[in-house]
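Step one of this worksheet: look at the structure below.
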Amino acid sequence: MINRLQFSIDIKAEKTKIWEALWDENLYRDWVGVFFEGSYAITDNWKEGSKVLFLSPDQSGIYSIIETHIPNETMQFKHIGNVVMGREQPIDDETKKWSGATETYTLIEGVESNTLSVEIDILDEHLDFMSTIFPKALKKVKDNCS
């Protein structure tokens, strides 16, 4: 079953700085390394409507579509399917359980700080891992803003 998790962190930095900490290639690799060391993304500069591959060092992972990209405000991914050895895999019964799940990053302007909010759809079997690891990843984003 799919669960929607929500995370947020307040960051005392300009929205442009937070956005850069999220999506700049080197900074992105730094904070997603919390989930799996050496993780990276192959993307067409995070353009709305384009495909992105979220990969581990062995070129396995998932592919997604960037549904929304409003710079310094919102980035939403729709996750589609698996990638094995750098190749997109056909949708099978296992993938159908989560294909179409979304992951949304939103920056909310505050008075003394800005809030980075994340909503992500997660399968039951990944719930504990993501609940534990995602706050550590957001702390890494915050640290990269200072």
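We name chains A, B, ... following the order of the structure tokens; residues begin at 1 in each chain, and ligands are numbered from 1 as shown.
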Going by DSSP on the backbone, which bits of chain A are strand (DSSP E or B)? Write them as a ChimeraX atom specification, please. /A:2-11,40-43,51-55,61-70,74-84,87-88,102-108,114-123
_For the structure I just gave you, how does DSSP split region 64-134 of chain A - specifically, which residues are helix (DSSP H, G or I)? Reply as a ChimeraX atom specification._
/A:93-96,124-134
Excluding same-chain residues fewer than 5 positions from region 52-67 of chain A, what lies within 9 Å of it counting only C-alpha atoms, as a ChimeraX atom specification? /A:36-44,46-47,75-88,100
Pairwise distance, CA of Leu22 (chain A) with CA of Pro90 (chain A), equals 29.3 Å
With only C-alpha atoms counted and 9 Å as the cut-off, give the residues of region 1-116 of chain A in contact with region 126-129 of chain A, each with its shortest interatomic distance in Å and the pair that gives it, as a Markdown table.
```
| residue | atom | partner | partner_atom | distance |
| --- | --- | --- | --- | --- |
| A:Asn3 | CA | A:Leu127 | CA | 7.8 |
| A:Leu5 | CA | A:Leu127 | CA | 8.4 |
| A:Phe35 | CA | A:Phe129 | CA | 8.9 |
```
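Counting only C-alpha atoms and comparing A:Asn144, A:Met1, A:Ser131, A:Lys12, the residue that lies closest to Val111 (chain A) is A:Lys12.
For the pair CA of Ser99 (chain A) and CA of Ile122 (chain A), the separation is 10.8 Å.
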Using only C-alpha atoms, the best pick from A:Val34, A:Glu125, A:Asn72, A:Tyr105 as closest to Lys17 (chain A) would be A:Asn72
